[in-house]
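Engineer: Pasting a structure below so you can have a look.
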Amino acid sequence: MTALPAGLPSGRDELVACYPRLERSTIRVNFIASADGAVSVDGLSAGLQGPGDKEVFDTLRMVCDALIVAAGTVRAERYDALRLTPEARAWRIARGLPEFPLMVIVSGSLDLDPTQLIFSDAPIRPIVLTRRGAPASPIAQVAEVIPVGDERVDLAAGVRLLHERGATQVLCEGGPGLLGSMIAADLVDELCLTVAPLLAGGAAGRIAQGPPTPPRRMSLRHALIREDLLFLRYARKS
């Protein structure tokens, strides 16, 4: 019988050791997919989730400096404000980090609802990366709107801006279009992928969609398991 991967730790410190902050600037991507590659069930990622996924999700948010997500994902997944638990905030403060990470949304059209909780209940003012010439939007009343790029959002310029503000540990939660654009711009350093024990079938997309690019070689840093969910962490090969 083939040996299974090691179990996903249950303690916070052990989980942080699996998903540590790094000394170098890093863009880490977190996704979940079914065993047959589907990124959603009925259009949402919630149908894929299972034991341990929320713990990894919360740990990655706790250790990051900025969370970046596409406007389409904000709308589809009905994102709430980026509010960490009191324990997570205490962990950050004890390590000299701001109490909350930056919330960063990528939107070329600024088609966002200022009453959505991600804005209206935000503990700190979110950042919206957009393009020059984007239409006027009431979102500027509840977020810092920063144009980077002309015809489309320049993700590399946006990441440089975050680094200049001290956000060197950037977490991306998608969606697939944003991940595809990040891969095309050669920005992704790590991929944290949870594989759900489901055959979803249907027409659900994959975790990345974008222009063709040369393959980037990755190195497997860990493979952990909780019940039947598999937690993989890949890093760019040096």
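Simple scheme: letters A, B, ... for chains in structure tokens order, numbers from 1 for residues in each chain, numbers from 1 for ligands in the order shown.
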As a PyMOL selection string, list the residues of range 13-86 of chain A assigned to alpha helix (DSSP H) by DSSP on the backbone atoms of this structure.
Structural biologist: chain A and resi 13-18+53-63+71-76+86
Engineer: Would you write out, as CSV, a table of all residues in range 119-152 of chain A that have an atom no more than 10 Å from an atom of range 159-168 of chain A, listing for each the closest atom pair and the distance in Å to one decimal, considering only C-alpha atoms and ordering rows by chain and rising residue number?
Structural biologist:
residue,atom,partner,partner_atom,distance
A:Ile127,CA,A:Leu162,CA,9.8
A:Leu129,CA,A:Val159,CA,9.8
A:Ile146,CA,A:Leu161,CA,9.6
A:Val148,CA,A:Leu161,CA,9.3
Engineer: Counting only C-alpha atoms, which of A:Arg226, A:Arg12, A:Arg125, A:Arg217 gets nearest to Val195 in chain A?
Structural biologist: A:Arg226
Engineer: Mind checking which residues fall within 10 Å of range 18-21 of chain A, counting only C-alpha atoms, ignoring those fewer than 6 positions away in the same chain, and posting them as a list in words?
Structural biologist: Leu8, Pro9, Arg12, Arg28, Val56, Thr59, Leu60, Met62, Val63, Cys64, Asp65, Thr168, Gln169, Val170, Cys192, Arg221, His222, Leu224 and Arg233 of chain A
Engineer: Would you write out those residues with N, CA, C and O atoms, as a PDB file, in the first residue's frame?
Structural biologist:
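Saved the output as out-v5.pdb:
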ATOM      1  N   LEU A   8      -1.955  17.358   7.580  1.00  0.00           N
ATOM      2  CA  LEU A   8      -1.936  18.814   7.735  1.00  0.00           C
ATOM      3  C   LEU A   8      -1.954  19.140   9.223  1.00  0.00           C
ATOM      4  O   LEU A   8      -2.824  18.667   9.952  1.00  0.00           O
ATOM      5  N   PRO A   9      -1.002  19.948   9.714  1.00  0.00           N
ATOM      6  CA  PRO A   9      -0.991  20.266  11.147  1.00  0.00           C
ATOM      7  C   PRO A   9      -2.268  20.986  11.561  1.00  0.00           C
ATOM      8  O   PRO A   9      -2.894  21.690  10.767  1.00  0.00           O
ATOM      9  N   ARG A  12      -1.679  26.404  15.104  1.00  0.00           N
ATOM     10  CA  ARG A  12      -1.374  27.600  14.319  1.00  0.00           C
ATOM     11  C   ARG A  12       0.109  27.718  14.001  1.00  0.00           C
ATOM     12  O   ARG A  12       0.495  28.000  12.860  1.00  0.00           O
ATOM     13  N   ARG A  28       2.389  34.925  -3.536  1.00  0.00           N
ATOM     14  CA  ARG A  28       1.897  33.571  -3.258  1.00  0.00           C
ATOM     15  C   ARG A  28       0.433  33.512  -3.687  1.00  0.00           C
ATOM     16  O   ARG A  28      -0.353  34.396  -3.343  1.00  0.00           O
ATOM     17  N   VAL A  56      -5.990  26.729   6.359  1.00  0.00           N
ATOM     18  CA  VAL A  56      -4.921  27.177   5.466  1.00  0.00           C
ATOM     19  C   VAL A  56      -5.247  28.567   4.920  1.00  0.00           C
ATOM     20  O   VAL A  56      -4.385  29.462   4.879  1.00  0.00           O
ATOM     21  N   THR A  59      -4.627  31.116   7.594  1.00  0.00           N
ATOM     22  CA  THR A  59      -3.199  31.250   7.879  1.00  0.00           C
ATOM     23  C   THR A  59      -2.512  32.081   6.809  1.00  0.00           C
ATOM     24  O   THR A  59      -1.706  32.976   7.117  1.00  0.00           O
ATOM     25  N   LEU A  60      -2.826  31.823   5.555  1.00  0.00           N
ATOM     26  CA  LEU A  60      -2.210  32.578   4.468  1.00  0.00           C
ATOM     27  C   LEU A  60      -2.567  34.054   4.550  1.00  0.00           C
ATOM     28  O   LEU A  60      -1.730  34.929   4.297  1.00  0.00           O
ATOM     29  N   MET A  62      -3.299  35.628   7.356  1.00  0.00           N
ATOM     30  CA  MET A  62      -2.657  36.162   8.560  1.00  0.00           C
ATOM     31  C   MET A  62      -1.212  36.559   8.299  1.00  0.00           C
ATOM     32  O   MET A  62      -0.731  37.577   8.811  1.00  0.00           O
ATOM     33  N   VAL A  63      -0.487  35.781   7.497  1.00  0.00           N
ATOM     34  CA  VAL A  63       0.943  36.025   7.325  1.00  0.00           C
ATOM     35  C   VAL A  63       1.262  36.991   6.186  1.00  0.00           C
ATOM     36  O   VAL A  63       2.411  37.408   6.035  1.00  0.00           O
ATOM     37  N   CYS A  64       0.265  37.381   5.387  1.00  0.00           N
ATOM     38  CA  CYS A  64       0.561  38.234   4.227  1.00  0.00           C
ATOM     39  C   CYS A  64       0.566  39.711   4.616  1.00  0.00           C
ATOM     40  O   CYS A  64       0.032  40.110   5.654  1.00  0.00           O
ATOM     41  N   ASP A  65       1.158  40.533   3.739  1.00  0.00           N
ATOM     42  CA  ASP A  65       1.112  41.986   3.888  1.00  0.00           C
ATOM     43  C   ASP A  65      -0.031  42.592   3.087  1.00  0.00           C
ATOM     44  O   ASP A  65      -0.554  43.652   3.447  1.00  0.00           O
ATOM     45  N   THR A 168       5.613  43.301   1.069  1.00  0.00           N
ATOM     46  CA  THR A 168       6.491  42.416   0.298  1.00  0.00           C
ATOM     47  C   THR A 168       5.949  40.990   0.212  1.00  0.00           C
ATOM     48  O   THR A 168       6.362  40.231  -0.661  1.00  0.00           O
ATOM     49  N   GLN A 169       5.031  40.628   1.112  1.00  0.00           N
ATOM     50  CA  GLN A 169       4.434  39.298   1.104  1.00  0.00           C
ATOM     51  C   GLN A 169       3.002  39.433   0.588  1.00  0.00           C
ATOM     52  O   GLN A 169       2.091  39.806   1.330  1.00  0.00           O
ATOM     53  N   VAL A 170       2.827  39.184  -0.705  1.00  0.00           N
ATOM     54  CA  VAL A 170       1.542  39.415  -1.362  1.00  0.00           C
ATOM     55  C   VAL A 170       0.852  38.075  -1.601  1.00  0.00           C
ATOM     56  O   VAL A 170       1.461  37.134  -2.116  1.00  0.00           O
ATOM     57  N   CYS A 192      -0.146  27.751  -3.799  1.00  0.00           N
ATOM     58  CA  CYS A 192      -0.701  26.876  -2.775  1.00  0.00           C
ATOM     59  C   CYS A 192      -2.013  26.337  -3.333  1.00  0.00           C
ATOM     60  O   CYS A 192      -2.958  27.109  -3.562  1.00  0.00           O
ATOM     61  N   ARG A 221       7.156  21.959  -2.456  1.00  0.00           N
ATOM     62  CA  ARG A 221       7.696  22.185  -1.110  1.00  0.00           C
ATOM     63  C   ARG A 221       7.029  21.300  -0.069  1.00  0.00           C
ATOM     64  O   ARG A 221       7.654  20.918   0.912  1.00  0.00           O
ATOM     65  N   HIS A 222       5.743  21.020  -0.237  1.00  0.00           N
ATOM     66  CA  HIS A 222       5.100  20.048   0.657  1.00  0.00           C
ATOM     67  C   HIS A 222       3.829  19.501   0.027  1.00  0.00           C
ATOM     68  O   HIS A 222       3.231  20.105  -0.864  1.00  0.00           O
ATOM     69  N   LEU A 224       0.498  17.746   1.932  1.00  0.00           N
ATOM     70  CA  LEU A 224      -0.100  17.423   3.214  1.00  0.00           C
ATOM     71  C   LEU A 224      -1.545  16.994   2.993  1.00  0.00           C
ATOM     72  O   LEU A 224      -2.152  17.344   1.983  1.00  0.00           O
ATOM     73  N   ARG A 233       2.038  22.817  -1.872  1.00  0.00           N
ATOM     74  CA  ARG A 233       2.703  24.120  -1.950  1.00  0.00           C
ATOM     75  C   ARG A 233       3.878  23.997  -2.918  1.00  0.00           C
ATOM     76  O   ARG A 233       4.782  23.196  -2.704  1.00  0.00           O
TER      77      ARG A 233
END
Engineer: Just the number, please: distance in Å from CA of Leu199 in chain A to CA of Pro5 in chain A, one decimal.
Structural biologist: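 Distance between the two atoms: 20.8 Å.
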Engineer: Sort by chain and increasing residue number a table of all residues of range 106-139 of chain A within 10 Å of range 96-100 of chain A, each with its closest pair of atoms and their distance in Å to one decimal, counting only C-alpha atoms, and write it as a tab-separated table.
Structural biologist:
residue	atom	partner	partner_atom	distance
A:Ala122	CA	A:Phe100	CA	9.9
A:Pro123	CA	A:Phe100	CA	7.5
A:Ile124	CA	A:Phe100	CA	7.5
Engineer: Extract, using only C-alpha atoms, all DNA, RNA and protein residues at most 12 Å from Val128 in chain A, discarding same-chain residues fewer than 6 positions from it, and format them as a short mmCIF file (atom, residue, chain, number, x, y, z; two decimals) with N, CA and C atoms, in the first residue's frame.
Structural biologist:
data_model
loop_
_atom_site.label_atom_id
_atom_site.label_comp_id
_atom_site.auth_asym_id
_atom_site.auth_seq_id
_atom_site.Cartn_x
_atom_site.Cartn_y
_atom_site.Cartn_z
N LEU A 67 -3.46 41.39 0.36
CA LEU A 67 -4.27 40.38 -0.33
C LEU A 67 -4.80 41.01 -1.61
N ILE A 68 -4.50 40.41 -2.75
CA ILE A 68 -4.91 40.95 -4.04
C ILE A 68 -5.90 40.00 -4.70
N VAL A 69 -6.99 40.56 -5.23
CA VAL A 69 -8.04 39.75 -5.82
C VAL A 69 -8.69 40.54 -6.95
N ALA A 70 -9.21 39.84 -7.95
CA ALA A 70 -9.85 40.48 -9.09
C ALA A 70 -11.26 40.91 -8.74
N ALA A 71 -11.72 41.98 -9.39
CA ALA A 71 -13.06 42.51 -9.12
C ALA A 71 -14.14 41.46 -9.38
N VAL A 74 -14.40 39.28 -6.43
CA VAL A 74 -15.02 40.02 -5.33
C VAL A 74 -16.54 39.98 -5.47
N LEU A 102 -3.25 44.81 3.80
CA LEU A 102 -3.91 45.64 2.81
C LEU A 102 -4.85 44.78 1.96
N MET A 103 -6.02 45.33 1.64
CA MET A 103 -6.95 44.68 0.72
C MET A 103 -6.82 45.38 -0.63
N VAL A 104 -6.47 44.62 -1.67
CA VAL A 104 -6.19 45.20 -2.99
C VAL A 104 -7.08 44.52 -4.02
N ILE A 105 -7.84 45.31 -4.76
CA ILE A 105 -8.73 44.79 -5.80
C ILE A 105 -8.25 45.28 -7.16
N VAL A 106 -8.23 44.40 -8.13
CA VAL A 106 -7.83 44.75 -9.50
C VAL A 106 -9.09 44.90 -10.35
N SER A 107 -9.28 46.08 -10.94
CA SER A 107 -10.48 46.33 -11.74
C SER A 107 -10.18 47.34 -12.84
N GLY A 108 -10.31 46.89 -14.08
CA GLY A 108 -10.13 47.80 -15.20
C GLY A 108 -11.32 48.69 -15.45
N SER A 109 -12.51 48.27 -15.01
CA SER A 109 -13.74 49.00 -15.29
C SER A 109 -14.27 49.78 -14.09
N LEU A 110 -13.77 49.48 -12.89
CA LEU A 110 -14.25 50.06 -11.63
C LEU A 110 -15.73 49.75 -11.39
N ASP A 111 -16.17 48.60 -11.93
CA ASP A 111 -17.55 48.15 -11.72
C ASP A 111 -17.62 47.43 -10.39
N LEU A 112 -17.65 48.20 -9.32
CA LEU A 112 -17.66 47.66 -7.97
C LEU A 112 -18.73 48.39 -7.16
N PRO A 114 -19.84 50.10 -3.86
CA PRO A 114 -19.26 50.68 -2.64
C PRO A 114 -19.96 50.24 -1.36
N ILE A 118 -16.80 44.43 1.66
CA ILE A 118 -15.36 44.53 1.46
C ILE A 118 -14.91 45.99 1.53
N PHE A 119 -15.83 46.92 1.18
CA PHE A 119 -15.56 48.35 1.28
C PHE A 119 -16.22 48.97 2.50
N ALA A 134 -10.03 54.72 -16.91
CA ALA A 134 -11.19 53.96 -16.42
C ALA A 134 -12.33 54.94 -16.14
N SER A 137 -16.19 56.45 -11.04
CA SER A 137 -16.92 55.47 -10.24
C SER A 137 -17.04 55.95 -8.81
N ILE A 139 -16.71 54.26 -6.37
CA ILE A 139 -15.81 53.46 -5.53
C ILE A 139 -14.68 54.31 -4.97
N ALA A 140 -14.38 55.43 -5.64
CA ALA A 140 -13.32 56.32 -5.16
C ALA A 140 -13.66 56.93 -3.80
N GLN A 141 -14.91 56.88 -3.41
CA GLN A 141 -15.32 57.42 -2.11
C GLN A 141 -14.98 56.48 -0.96
N VAL A 142 -14.79 55.19 -1.27
CA VAL A 142 -14.56 54.21 -0.20
C VAL A 142 -13.25 53.46 -0.37
N ALA A 143 -12.47 53.78 -1.40
CA ALA A 143 -11.21 53.08 -1.64
C ALA A 143 -10.21 54.05 -2.26
N GLU A 144 -8.94 53.71 -2.12
CA GLU A 144 -7.88 54.46 -2.80
C GLU A 144 -7.73 53.88 -4.21
N VAL A 145 -8.12 54.64 -5.20
CA VAL A 145 -8.09 54.17 -6.58
C VAL A 145 -6.78 54.63 -7.21
N ILE A 146 -5.98 53.66 -7.69
CA ILE A 146 -4.66 53.97 -8.23
C ILE A 146 -4.58 53.45 -9.67
N PRO A 147 -4.42 54.33 -10.66
CA PRO A 147 -4.26 53.88 -12.04
C PRO A 147 -2.83 53.41 -12.30
N VAL A 148 -2.71 52.21 -12.83
CA VAL A 148 -1.41 51.67 -13.25
C VAL A 148 -1.61 51.03 -14.62
N VAL A 153 -4.74 47.09 -16.76
CA VAL A 153 -4.03 47.24 -15.48
C VAL A 153 -2.64 46.62 -15.61
N LEU A 155 -0.05 44.94 -13.90
CA LEU A 155 0.11 44.23 -12.63
C LEU A 155 1.50 44.37 -12.05
N GLY A 158 1.67 47.60 -10.37
CA GLY A 158 0.90 47.55 -9.14
C GLY A 158 1.64 46.84 -8.03
N LEU A 161 4.33 49.03 -6.63
CA LEU A 161 3.74 50.03 -5.73
C LEU A 161 3.51 49.43 -4.35
N LEU A 162 2.99 48.20 -4.31
CA LEU A 162 2.77 47.54 -3.02
C LEU A 162 4.10 47.33 -2.29
#
Engineer: Can you check which parts of range 193-216 of chain A lie within 7 Å of range 179-185 of chain A? Per residue, the shortest pair of atoms and distance in Å to one decimal, counting only C-alpha atoms, sorted by chain and number, as a Markdown table.
Structural biologist:
| residue | atom | partner | partner_atom | distance |
| --- | --- | --- | --- | --- |
| A:Ala208 | CA | A:Gly180 | CA | 4.6 |
| A:Gln209 | CA | A:Gly180 | CA | 4.7 |
| A:Gly210 | CA | A:Gly180 | CA | 4.4 |
| A:Pro211 | CA | A:Ala184 | CA | 6.7 |
| A:Thr213 | CA | A:Ala184 | CA | 5.8 |
Engineer: Quick one: write out the picked residues with C-alpha atoms as a PDB file, in the first residue's frame?
Structural biologist:
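So part.pdb came out as:
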ATOM      1  CA  ALA A 208      -5.635  30.043 -14.602  1.00  0.00           C
ATOM      2  CA  GLN A 209      -6.929  31.558 -17.818  1.00  0.00           C
ATOM      3  CA  GLY A 210      -4.887  33.901 -19.973  1.00  0.00           C
ATOM      4  CA  PRO A 211      -2.543  34.265 -22.925  1.00  0.00           C
ATOM      5  CA  THR A 213       3.131  31.672 -21.957  1.00  0.00           C
TER       6      THR A 213
END
Engineer: Would you return as a PyMOL selection string the members of range 18-214 of chain A that DSSP assigns to strand (DSSP E or B) on this structure's backbone?
Structural biologist: chain A and resi 26-34+41+44+66-70+102-106+127-130+144-147+169-172+190-196
Engineer: Dump C-alpha atoms for the selected residues as a compact mmCIF listing (two decimals), in the first residue's frame?
Structural biologist:
# COMPACT_ATOMS: atom_id res chain seq x y z
CA THR A 26 7.00 36.95 -2.69
CA ILE A 27 3.70 36.64 -4.54
CA ARG A 28 1.90 33.57 -3.26
CA VAL A 29 -1.29 32.33 -4.93
CA ASN A 30 -3.94 30.28 -3.12
CA PHE A 31 -6.50 28.21 -5.06
CA ILE A 32 -8.71 25.18 -4.64
CA ALA A 33 -9.68 22.79 -7.42
CA SER A 34 -11.43 19.46 -7.78
CA VAL A 41 -19.03 24.06 -8.37
CA LEU A 44 -18.46 29.21 -6.70
CA ALA A 66 -1.44 42.45 1.11
CA LEU A 67 -4.27 40.38 -0.33
CA ILE A 68 -4.91 40.95 -4.04
CA VAL A 69 -8.04 39.75 -5.82
CA ALA A 70 -9.85 40.48 -9.09
CA LEU A 102 -3.91 45.64 2.81
CA MET A 103 -6.95 44.68 0.72
CA VAL A 104 -6.19 45.20 -2.99
CA ILE A 105 -8.73 44.79 -5.80
CA VAL A 106 -7.83 44.75 -9.50
CA ILE A 127 -6.78 49.87 -2.67
CA VAL A 128 -8.21 49.46 -6.17
CA LEU A 129 -5.67 49.05 -8.97
CA THR A 130 -7.14 50.20 -12.26
CA GLU A 144 -7.88 54.46 -2.80
CA VAL A 145 -8.09 54.17 -6.58
CA ILE A 146 -4.66 53.97 -8.23
CA PRO A 147 -4.26 53.88 -12.04
CA GLN A 169 4.43 39.30 1.10
CA VAL A 170 1.54 39.41 -1.36
CA LEU A 171 -1.23 36.81 -1.41
CA CYS A 172 -3.46 36.39 -4.48
CA GLU A 190 4.42 30.27 -5.12
CA LEU A 191 1.24 28.32 -5.71
CA CYS A 192 -0.70 26.88 -2.77
CA LEU A 193 -3.21 24.44 -4.25
CA THR A 194 -5.84 22.50 -2.35
CA VAL A 195 -7.13 19.47 -4.27
CA ALA A 196 -10.67 18.50 -3.30
Engineer: Nearest to Met218 in chain A among A:Leu48, A:Leu22, A:Ala3, A:Ala235, with distances taken over only C-alpha atoms: which residue is it?
Structural biologist: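 Selected residue with least distance to Met218 in chain A: A:Ala235.
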Engineer: Counting only C-alpha atoms, figure out which residue out of A:Ala156, A:Leu82, A:Leu15, A:Val188 gets nearest to Arg61 in chain A.
Structural biologist: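 Once distances to Arg61 in chain A are computed over only C-alpha atoms, the minimum belongs to A:Leu82.
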